[in-house]
Structure formats: structure tokens, C-alpha cells
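Take a look at the structure below.
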Amino acid sequence: MEQQLIYTASPASALDDLTQRLGRPRCVIIADVNTAGLVLPVLTAESETAAAAPQIIIKSGDADKNLNELTGVWRQMDSLRLGRKDIVINVGGGVVTDLGGFAAATFKRGLRCINMPTTVLAAVDASVGGKTGINFNGVKNLVGTFTEPLATIISGRFFATLPPREILSGYAEIIKHSLLEDDRTFTSLLHHSPAEPAFSTAGLLPLIQTSVLTKKRICDADLRESGIRKALNFGHTAGHAFEALALRRQAPVPHGYAVAWGMVTEIILSHMLLNFPSEYVALLARYVTDNYGAFDLSCNDYPELLELMSHDKKNTDPEKINFTLLEAVGRPRIDCTADPERIKAALDIYRDFSGQ
Ligand code: NAD
């Protein structure tokens, strides 16, 4: 059954309507410690379905998207005697939708689930497209499934308590989707600055709606990522390397910040290898530096960054690093490779743009 996408100002009523249409199944909520305190009280006060659902609460943060937390969730699902007709409702960011979605996909060979993303990143990215999973053996998302939720209920109401850096983190993925879409969508996003106090989270919903359409269009064409879905990895080869290096330095950065810096590096590579228009390179670089700052980088870090990029899941040749690049806005080219000298040259230009 195709995943339903529901955009609403009233997520509680949307949830009640949906479960009524499904014949009022028994539901269980999975949330993390933060969404349990900030989001669940409002949801349970307004929704009969949420009020009646037992709650399974996990730790927050990507470091705990692991087997230990997952085992705890499976145990609680077993104590609640959940069965195939029951429904899991994930209320949280990407950690909850990934881990809760995986728990649902695997418990008794699969329970249905509904996602209620509470971060912008989860709304535009993690809760759409069916990827679920956990980190394992020190590798991000090593174990998981492709399992689409029954529905994803997206509401700007959840974002009111988000710290600005979490909004910016999700906004980076919105920008990435726009680069896969068209010039107008891309340039119009750069007129907004979610870091400014005047930015309203209510105004995010239409931007999220457009962004989700891009992700959904691409995932519908290639759910299991054998072809065009790799376009969604734009910014992520370098971005994951920045994220991992920050972790090694014990100064973790939000995923979307790493993706923003990774997009600048990869748009520079796109210009070098595929002639991507230089005016948009400068535009994106300026926007990212103004809103996300810069990844602290010197040329002494290059060997470690290249080593981290060589572990990217997309690589097939151990000598070459695989990227998704852009020929133009809206024209991604998957399975591009670049040799270390080109990548170092792109990192040099990234440092110039970010004033380092
Ligand atoms: P997250 O779930 O860790 O949420 C970020 C922080 O915000 C957490 O501390 C969380 O408790 C808190 N939070 C959540 N909602 C809140 C709210 N409404 N108000 C206040 N605080 C709130 O991280 P994320 O950025 O949402 O997602 C990152 C995760 O998503 C990573 O594990 C990543 O691997 C995964 N991801 C998955 C996919 C996919 O396709 N499945 C895509 C992108 C990212």
C-alpha cells in the first residue's frame, strides 16, 4: 500500500481520523526522552488514539540509535503482547523514525507504522522513503530495512519547540532537494534565513511540502536505491566525512550542518568536473557560510577526510571515491568518481569560500 502523506495544522485530529479509517487498531507510541516531554503531552491531550496508546520511550540522539535501545523496544513490544494488527506510532526526529520504524518492520516479521516527525529533518527526509535502521559496529545505518510507513503526518505545530540549529539542520536537506529540482525553488530558499528570529516555523510547511514531493518522486522511482535514488546523496560523501571527523574530534555537529558543508564541497567538484554554473557555486557557498558557519579545516585534515570518504557505501572501486554531482540545478549525475587531487583542490576552494 502506498504511503500516505498528510500535511496538517491539527496532527491530533489527523491521527484520530486515520486510526478510525483503519478500524481503531491498538496503537503504541515510540518517542525519545525529549519528544516524550515536549510533544507527547500536547498530542495525548488532543488525540484519543494517542491518549490510549502505551508509550515506549528511548534515549535521544544518534549515538543511541543502536542495538541496545532497539532490544529495549522489542522487549517492551513483547511485554505489551503486540501483534500484527497493532500499529506503531513514531513521534520524534530521525532517530525515532529510523529505530522505531526498524523495530516495527522486524517485530513478528512486521507491524504497520505511522510516522509523526517532530524535526524538520525527519519531516523532509528520514520519515519519507522507507529507510529504517540502526547504527551497528561503529557504522551508521549498517542494519536496516526498506519498509514504508502506512502514513506520515507532517505538522508545523511540532516544530515550535525545536532549537534553531535543528531547524537549520533540516533546512539543509530542503536546500539539497531544491538543487535536485529547479533553479527557482533553489534560489527562493536562499532568500530565507531560518537562523533569524523573524523566521516563522509556520512558514516552513509549504517549503517542506515541496521538498517532500522531490524526495517522494525520486524514492517512488527507485525505492531500493539501485539508480536515481542515489541522487539524494548529493552533499553526503563529503558531508558524512565532515560529520565523522567532527565525531572523532569529540565535537559532533548536526547532520544537516555537515550536509551543508558537504554540498558546498561537492558543488565545487560539480563545477570542476561537470561545468556546473559558477554563479550558483558562489551563491550556495555564501549562504552556507553565513548560516551554518564553516567546518574547521586545514590541509592537515585532508588525509583523514579522504580516508573517511573512501569508506562511503557508494564506492565500488577502492581507488576512487564516488559522488553524486550536478551538471546543473535539477540535473544530478550519479556514480561520478573523483581522484584525491581533485578532491583536495575542491577542499582548498571550500576553505577559501569559508574564509579559512
Ligand atoms: P534526532 O532524532 O536526534 O533529533 C534531534 C534532536 O532534537 C534530538 O535531541 C531530539 O530529541 C530533539 N527533538 C526532536 N523533536 C523535537 C521537538 N519537536 N522539539 C524539541 N526537540 C526535539 O535527529 P534528526 O536530525 O531528526 O534525525 C537524524 C537521524 O535521522 C540520524 O540518525 C540519521 O541517520 C537519520 N536519517 C534517516 C534518513 C532516512 O532516510 N531514514 C534520512 C536522513 C537522516
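Every chain in the C-alpha cells takes a letter, A first, then B, and so on in the order presented; its residues are numbered from 1, and the ligands are numbered from 1 following the presented order.
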
**OP:** Run DSSP on the backbone and grab whatever in segment 112-271 of chain A lands in helix (DSSP H, G or I); send it over as an MDAnalysis selection string.
**Re:** chainID A and resid 120:126 156:161 164:179 183:189 201:221 228:233 236:248 255:271

Wanna dump the chain A-ligand 1 contacts at 6 Å for me, each residue with its shortest atom pair and the distance in Å to one decimal, counting only C-alpha atoms and all ligand atoms, ordered by chain and number, as a Markdown table?
```
| residue | atom | partner | partner_atom_place_in_ligand_line | distance |
| --- | --- | --- | --- | --- |
| A:Asp32 | CA | ligand 1 | 11 (O) | 5.8 |
| A:Asn34 | CA | ligand 1 | 11 (O) | 4.4 |
| A:Thr35 | CA | ligand 1 | 15 (N) | 5.4 |
| A:Ser60 | CA | ligand 1 | 11 (O) | 4.8 |
| A:Gly61 | CA | ligand 1 | 3 (O) | 3.9 |
| A:Asp62 | CA | ligand 1 | 32 (O) | 4.7 |
| A:Gly92 | CA | ligand 1 | 15 (N) | 5.1 |
| A:Gly93 | CA | ligand 1 | 2 (O) | 3.2 |
| A:Gly94 | CA | ligand 1 | 30 (O) | 3.2 |
| A:Val95 | CA | ligand 1 | 2 (O) | 3.9 |
| A:Val96 | CA | ligand 1 | 2 (O) | 5.7 |
| A:Asp98 | CA | ligand 1 | 41 (N) | 5.4 |
| A:Thr118 | CA | ligand 1 | 15 (N) | 4.3 |
| A:Thr119 | CA | ligand 1 | 15 (N) | 4.7 |
| A:Leu121 | CA | ligand 1 | 26 (O) | 5.0 |
| A:Ala122 | CA | ligand 1 | 26 (O) | 4.7 |
| A:Asp125 | CA | ligand 1 | 42 (C) | 4.8 |
| A:Ala126 | CA | ligand 1 | 38 (C) | 3.4 |
| A:Lys131 | CA | ligand 1 | 41 (N) | 4.2 |
| A:Thr132 | CA | ligand 1 | 41 (N) | 5.1 |
| A:Phe158 | CA | ligand 1 | 18 (N) | 4.8 |
| A:Phe159 | CA | ligand 1 | 18 (N) | 4.9 |
| A:Thr161 | CA | ligand 1 | 19 (N) | 4.1 |
| A:Leu162 | CA | ligand 1 | 19 (N) | 4.0 |
```

Original post:
Which polymer residues have any atom within 9 Å of an atom of Cys219 of chain A, counting only C-alpha atoms, with same-chain residues fewer than 5 positions away left out, as number ranges by chain?
Top reply: A: 128-130, 214, 224-225, 228-229

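Counting only C-alpha atoms, the residue from A:Arg331, A:His271, A:Arg26, A:Arg286 that sits nearest to Leu80 of chain A is A:Arg26.
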
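Across segment 160-340 of chain A, DSSP run on the backbone finds strand (DSSP E) at Ile321, Asn322, Phe323, Thr324, Leu325, Leu326, Glu327, Ala328, Arg331, Pro332, Arg333, Ile334, Asp335, Cys336, Thr337 and Ala338 of chain A.
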
Writer output for current selection, N, CA, C and O atoms, as a PDB file, in the first residue's frame:
```
ATOM      1  N   ILE A 321      36.734   7.618  -5.265  1.00  0.00           N
ATOM      2  CA  ILE A 321      35.645   7.981  -4.352  1.00  0.00           C
ATOM      3  C   ILE A 321      34.441   8.399  -5.183  1.00  0.00           C
ATOM      4  O   ILE A 321      34.550   9.179  -6.132  1.00  0.00           O
ATOM      5  N   ASN A 322      33.301   7.819  -4.808  1.00  0.00           N
ATOM      6  CA  ASN A 322      32.073   8.014  -5.579  1.00  0.00           C
ATOM      7  C   ASN A 322      31.282   9.218  -5.038  1.00  0.00           C
ATOM      8  O   ASN A 322      31.157   9.388  -3.829  1.00  0.00           O
ATOM      9  N   PHE A 323      30.771  10.024  -5.939  1.00  0.00           N
ATOM     10  CA  PHE A 323      29.943  11.185  -5.563  1.00  0.00           C
ATOM     11  C   PHE A 323      28.707  11.227  -6.450  1.00  0.00           C
ATOM     12  O   PHE A 323      28.744  10.761  -7.595  1.00  0.00           O
ATOM     13  N   THR A 324      27.644  11.830  -5.929  1.00  0.00           N
ATOM     14  CA  THR A 324      26.584  12.314  -6.803  1.00  0.00           C
ATOM     15  C   THR A 324      26.894  13.778  -7.047  1.00  0.00           C
ATOM     16  O   THR A 324      27.062  14.538  -6.086  1.00  0.00           O
ATOM     17  N   LEU A 325      27.018  14.171  -8.314  1.00  0.00           N
ATOM     18  CA  LEU A 325      27.323  15.579  -8.607  1.00  0.00           C
ATOM     19  C   LEU A 325      26.179  16.176  -9.426  1.00  0.00           C
ATOM     20  O   LEU A 325      25.191  15.493  -9.729  1.00  0.00           O
ATOM     21  N   LEU A 326      26.323  17.444  -9.768  1.00  0.00           N
ATOM     22  CA  LEU A 326      25.261  18.133 -10.516  1.00  0.00           C
ATOM     23  C   LEU A 326      25.824  18.710 -11.817  1.00  0.00           C
ATOM     24  O   LEU A 326      26.862  19.392 -11.781  1.00  0.00           O
ATOM     25  N   GLU A 327      25.137  18.453 -12.924  1.00  0.00           N
ATOM     26  CA  GLU A 327      25.510  19.131 -14.180  1.00  0.00           C
ATOM     27  C   GLU A 327      24.923  20.538 -14.177  1.00  0.00           C
ATOM     28  O   GLU A 327      25.474  21.468 -14.740  1.00  0.00           O
ATOM     29  N   ALA A 328      23.752  20.652 -13.574  1.00  0.00           N
ATOM     30  CA  ALA A 328      23.043  21.928 -13.440  1.00  0.00           C
ATOM     31  C   ALA A 328      22.036  21.708 -12.324  1.00  0.00           C
ATOM     32  O   ALA A 328      21.857  20.576 -11.865  1.00  0.00           O
ATOM     33  N   ARG A 331      19.703  18.673 -12.545  1.00  0.00           N
ATOM     34  CA  ARG A 331      20.298  17.617 -13.383  1.00  0.00           C
ATOM     35  C   ARG A 331      21.426  16.905 -12.649  1.00  0.00           C
ATOM     36  O   ARG A 331      22.614  17.149 -12.884  1.00  0.00           O
ATOM     37  N   PRO A 332      21.034  16.000 -11.692  1.00  0.00           N
ATOM     38  CA  PRO A 332      22.054  15.260 -10.956  1.00  0.00           C
ATOM     39  C   PRO A 332      22.716  14.214 -11.845  1.00  0.00           C
ATOM     40  O   PRO A 332      22.082  13.708 -12.761  1.00  0.00           O
ATOM     41  N   ARG A 333      23.973  13.936 -11.564  1.00  0.00           N
ATOM     42  CA  ARG A 333      24.641  12.815 -12.249  1.00  0.00           C
ATOM     43  C   ARG A 333      25.173  11.882 -11.155  1.00  0.00           C
ATOM     44  O   ARG A 333      26.029  12.292 -10.369  1.00  0.00           O
ATOM     45  N   ILE A 334      24.636  10.641 -11.102  1.00  0.00           N
ATOM     46  CA  ILE A 334      25.045   9.700 -10.048  1.00  0.00           C
ATOM     47  C   ILE A 334      26.313   8.964 -10.481  1.00  0.00           C
ATOM     48  O   ILE A 334      26.686   9.004 -11.661  1.00  0.00           O
ATOM     49  N   ASP A 335      26.954   8.280  -9.528  1.00  0.00           N
ATOM     50  CA  ASP A 335      28.132   7.442  -9.804  1.00  0.00           C
ATOM     51  C   ASP A 335      29.273   8.191 -10.480  1.00  0.00           C
ATOM     52  O   ASP A 335      29.931   7.652 -11.384  1.00  0.00           O
ATOM     53  N   CYS A 336      29.517   9.429 -10.061  1.00  0.00           N
ATOM     54  CA  CYS A 336      30.706  10.135 -10.551  1.00  0.00           C
ATOM     55  C   CYS A 336      31.868   9.741  -9.627  1.00  0.00           C
ATOM     56  O   CYS A 336      31.666   9.499  -8.444  1.00  0.00           O
ATOM     57  N   THR A 337      33.063   9.701 -10.171  1.00  0.00           N
ATOM     58  CA  THR A 337      34.203   9.449  -9.297  1.00  0.00           C
ATOM     59  C   THR A 337      35.194  10.607  -9.434  1.00  0.00           C
ATOM     60  O   THR A 337      35.241  11.278 -10.464  1.00  0.00           O
ATOM     61  N   ALA A 338      35.950  10.810  -8.356  1.00  0.00           N
ATOM     62  CA  ALA A 338      36.958  11.874  -8.396  1.00  0.00           C
ATOM     63  C   ALA A 338      38.217  11.344  -7.724  1.00  0.00           C
ATOM     64  O   ALA A 338      38.134  10.602  -6.741  1.00  0.00           O
TER      65      ALA A 338
END
```

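Of the listed residues A:Ile208, A:Ile267, A:Ala258, A:Val28, the one whose atoms come nearest to Ser79 of chain A is A:Val28, with distances taken using only C-alpha atoms.
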
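Restricting the calculation to only C-alpha atoms, the smallest distance between Ile134 of chain A and any of A:Ala103, A:Val120, A:Met263, A:Ile154 is found for A:Ala103.
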
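Between atom CA of Ala52 of chain A and atom CA of Val91 of chain A the interatomic distance comes to 14.8 Å.
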
Subject >> Ile175 of chain A surroundings by only C-alpha atoms, 10 Å radius, close-in-sequence under 2 positions cut, as a ChimeraX atom specification >> reply: /A:170-173,177-181,185-190,207,211,260,263,284

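Residue nearest His236 of chain A, chosen from A:Val264, A:Leu223, A:Val124, A:Val253 and counting only C-alpha atoms: A:Val264.
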
**OP:** Show which residues sit within 12 Å of segment 307-318 of chain A, as a PyMOL selection string. Count only C-alpha atoms, and ignore same-chain residues fewer than 6 positions away.
**Re:** chain A and resi 139-142+225-227+229-248+262+301+324+334-340+343-344

Would you output that residue set with N, CA, C and O atoms, as a compact mmCIF listing (two decimals), in the first residue's frame?
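Generated output (again.txt):
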```
# COMPACT_ATOMS: atom_id res chain seq x y z
N VAL A 139 29.31 1.68 12.51
CA VAL A 139 28.96 2.16 11.16
C VAL A 139 27.53 2.65 11.18
O VAL A 139 26.62 1.96 11.66
N LYS A 140 27.33 3.85 10.61
CA LYS A 140 25.97 4.42 10.60
C LYS A 140 25.04 3.61 9.71
O LYS A 140 25.40 3.23 8.60
N ASN A 141 23.86 3.36 10.22
CA ASN A 141 22.79 2.72 9.45
C ASN A 141 23.22 1.41 8.80
O ASN A 141 22.81 1.09 7.68
N LEU A 142 24.07 0.63 9.52
CA LEU A 142 24.58 -0.61 8.91
C LEU A 142 23.48 -1.67 8.78
O LEU A 142 23.49 -2.46 7.85
N GLU A 225 17.26 2.06 -4.03
CA GLU A 225 18.49 2.81 -4.29
C GLU A 225 19.46 2.09 -5.21
O GLU A 225 20.66 1.98 -4.93
N SER A 226 18.94 1.57 -6.32
CA SER A 226 19.87 0.96 -7.27
C SER A 226 20.24 1.95 -8.37
O SER A 226 21.14 1.69 -9.16
N GLY A 227 19.56 3.08 -8.45
CA GLY A 227 19.84 4.05 -9.51
C GLY A 227 19.62 5.46 -9.03
O GLY A 227 20.33 5.98 -8.17
N ARG A 229 17.81 7.04 -6.98
CA ARG A 229 17.73 7.45 -5.57
C ARG A 229 19.09 7.92 -5.03
O ARG A 229 19.15 8.67 -4.06
N LYS A 230 20.17 7.45 -5.69
CA LYS A 230 21.50 7.90 -5.25
C LYS A 230 21.66 9.41 -5.41
O LYS A 230 22.56 10.01 -4.83
N ALA A 231 20.79 10.03 -6.24
CA ALA A 231 20.85 11.50 -6.38
C ALA A 231 20.67 12.18 -5.03
O ALA A 231 21.23 13.26 -4.77
N LEU A 232 19.89 11.54 -4.14
CA LEU A 232 19.64 12.13 -2.82
C LEU A 232 20.91 12.18 -1.97
O LEU A 232 20.92 12.79 -0.91
N ASN A 233 21.96 11.49 -2.43
CA ASN A 233 23.23 11.52 -1.69
C ASN A 233 24.06 12.75 -2.01
O ASN A 233 25.18 12.88 -1.51
N PHE A 234 23.56 13.65 -2.87
CA PHE A 234 24.33 14.85 -3.16
C PHE A 234 24.71 15.54 -1.83
O PHE A 234 23.87 15.70 -0.95
N GLY A 235 25.98 15.90 -1.71
CA GLY A 235 26.46 16.57 -0.48
C GLY A 235 26.85 15.61 0.62
O GLY A 235 27.44 16.03 1.63
N HIS A 236 26.52 14.33 0.45
CA HIS A 236 26.67 13.41 1.58
C HIS A 236 28.02 12.68 1.63
O HIS A 236 28.40 12.21 2.69
N THR A 237 28.74 12.55 0.49
CA THR A 237 30.04 11.87 0.58
C THR A 237 30.97 12.73 1.43
O THR A 237 31.54 12.27 2.43
N ALA A 238 31.10 14.00 1.06
CA ALA A 238 31.92 14.91 1.86
C ALA A 238 31.24 15.18 3.20
O ALA A 238 31.90 15.23 4.24
N GLY A 239 29.92 15.32 3.19
CA GLY A 239 29.18 15.64 4.42
C GLY A 239 29.37 14.57 5.49
O GLY A 239 29.65 14.90 6.66
N HIS A 240 29.25 13.30 5.11
CA HIS A 240 29.45 12.23 6.10
C HIS A 240 30.88 12.24 6.63
O HIS A 240 31.12 11.94 7.80
N ALA A 241 31.85 12.59 5.76
CA ALA A 241 33.25 12.64 6.21
C ALA A 241 33.42 13.77 7.23
O ALA A 241 34.07 13.60 8.27
N PHE A 242 32.81 14.94 6.97
CA PHE A 242 32.87 16.05 7.95
C PHE A 242 32.23 15.61 9.28
O PHE A 242 32.74 15.88 10.36
N GLU A 243 31.08 14.94 9.15
CA GLU A 243 30.33 14.51 10.35
C GLU A 243 31.17 13.53 11.17
O GLU A 243 31.27 13.65 12.40
N ALA A 244 31.80 12.57 10.48
CA ALA A 244 32.60 11.55 11.18
C ALA A 244 33.85 12.18 11.79
O ALA A 244 34.25 11.83 12.91
N LEU A 245 34.48 13.13 11.06
CA LEU A 245 35.68 13.77 11.61
C LEU A 245 35.32 14.59 12.86
O LEU A 245 36.04 14.57 13.86
N ALA A 246 34.17 15.25 12.81
CA ALA A 246 33.72 16.03 13.97
C ALA A 246 33.50 15.09 15.16
O ALA A 246 33.85 15.43 16.30
N LEU A 247 32.95 13.91 14.90
CA LEU A 247 32.73 12.93 15.98
C LEU A 247 34.05 12.49 16.58
O LEU A 247 34.19 12.40 17.80
N ARG A 248 35.05 12.21 15.69
CA ARG A 248 36.37 11.81 16.19
C ARG A 248 37.00 12.91 17.03
O ARG A 248 37.75 12.64 17.96
N GLY A 262 29.15 19.79 3.07
CA GLY A 262 29.41 18.78 2.04
C GLY A 262 28.85 19.23 0.68
O GLY A 262 29.48 19.01 -0.36
N ASP A 301 44.10 18.04 7.64
CA ASP A 301 42.95 17.14 7.83
C ASP A 301 42.63 16.35 6.56
O ASP A 301 41.80 15.42 6.60
N THR A 324 27.64 11.83 -5.93
CA THR A 324 26.58 12.31 -6.80
C THR A 324 26.89 13.78 -7.05
O THR A 324 27.06 14.54 -6.09
N ILE A 334 24.64 10.64 -11.10
CA ILE A 334 25.05 9.70 -10.05
C ILE A 334 26.31 8.96 -10.48
O ILE A 334 26.69 9.00 -11.66
N ASP A 335 26.95 8.28 -9.53
CA ASP A 335 28.13 7.44 -9.80
C ASP A 335 29.27 8.19 -10.48
O ASP A 335 29.93 7.65 -11.38
N CYS A 336 29.52 9.43 -10.06
CA CYS A 336 30.71 10.14 -10.55
C CYS A 336 31.87 9.74 -9.63
O CYS A 336 31.67 9.50 -8.44
N THR A 337 33.06 9.70 -10.17
CA THR A 337 34.20 9.45 -9.30
C THR A 337 35.19 10.61 -9.43
O THR A 337 35.24 11.28 -10.46
N ALA A 338 35.95 10.81 -8.36
CA ALA A 338 36.96 11.87 -8.40
C ALA A 338 38.22 11.34 -7.72
O ALA A 338 38.13 10.60 -6.74
N ASP A 339 39.39 11.73 -8.28
CA ASP A 339 40.63 11.25 -7.65
C ASP A 339 41.01 12.20 -6.50
O ASP A 339 40.50 13.33 -6.41
N PRO A 340 41.91 11.75 -5.62
CA PRO A 340 42.23 12.53 -4.42
C PRO A 340 42.69 13.96 -4.71
O PRO A 340 42.34 14.88 -3.97
N ILE A 343 39.76 16.19 -5.26
CA ILE A 343 39.01 16.40 -4.01
C ILE A 343 39.75 17.40 -3.12
O ILE A 343 39.15 18.32 -2.55
N LYS A 344 41.08 17.26 -3.08
CA LYS A 344 41.87 18.21 -2.27
C LYS A 344 41.73 19.63 -2.84
O LYS A 344 41.62 20.61 -2.09
```

**OP:** Find the spatial neighbours of Arg165 of chain A, counting only C-alpha atoms, within a cut-off of 8 Å - ignore same-chain residues fewer than 4 positions away - and output them as number ranges by chain.
**Re:** A: 169, 195, 254

Can I get the selection written as a PDB file, in the first residue's frame, with N, CA and C atoms?
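Saved as part_16.pdb:
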```pdb
ATOM      1  N   SER A 169      19.361  22.532  10.511  1.00  0.00           N
ATOM      2  CA  SER A 169      19.826  21.208  10.073  1.00  0.00           C
ATOM      3  C   SER A 169      18.864  20.624   9.026  1.00  0.00           C
ATOM      4  N   ALA A 195      17.824  30.968  10.680  1.00  0.00           N
ATOM      5  CA  ALA A 195      18.523  31.323  11.925  1.00  0.00           C
ATOM      6  C   ALA A 195      17.992  32.635  12.501  1.00  0.00           C
ATOM      7  N   PRO A 254      25.413  18.761  13.948  1.00  0.00           N
ATOM      8  CA  PRO A 254      24.151  18.222  13.428  1.00  0.00           C
ATOM      9  C   PRO A 254      24.346  17.744  11.986  1.00  0.00           C
TER      10      PRO A 254
END
```
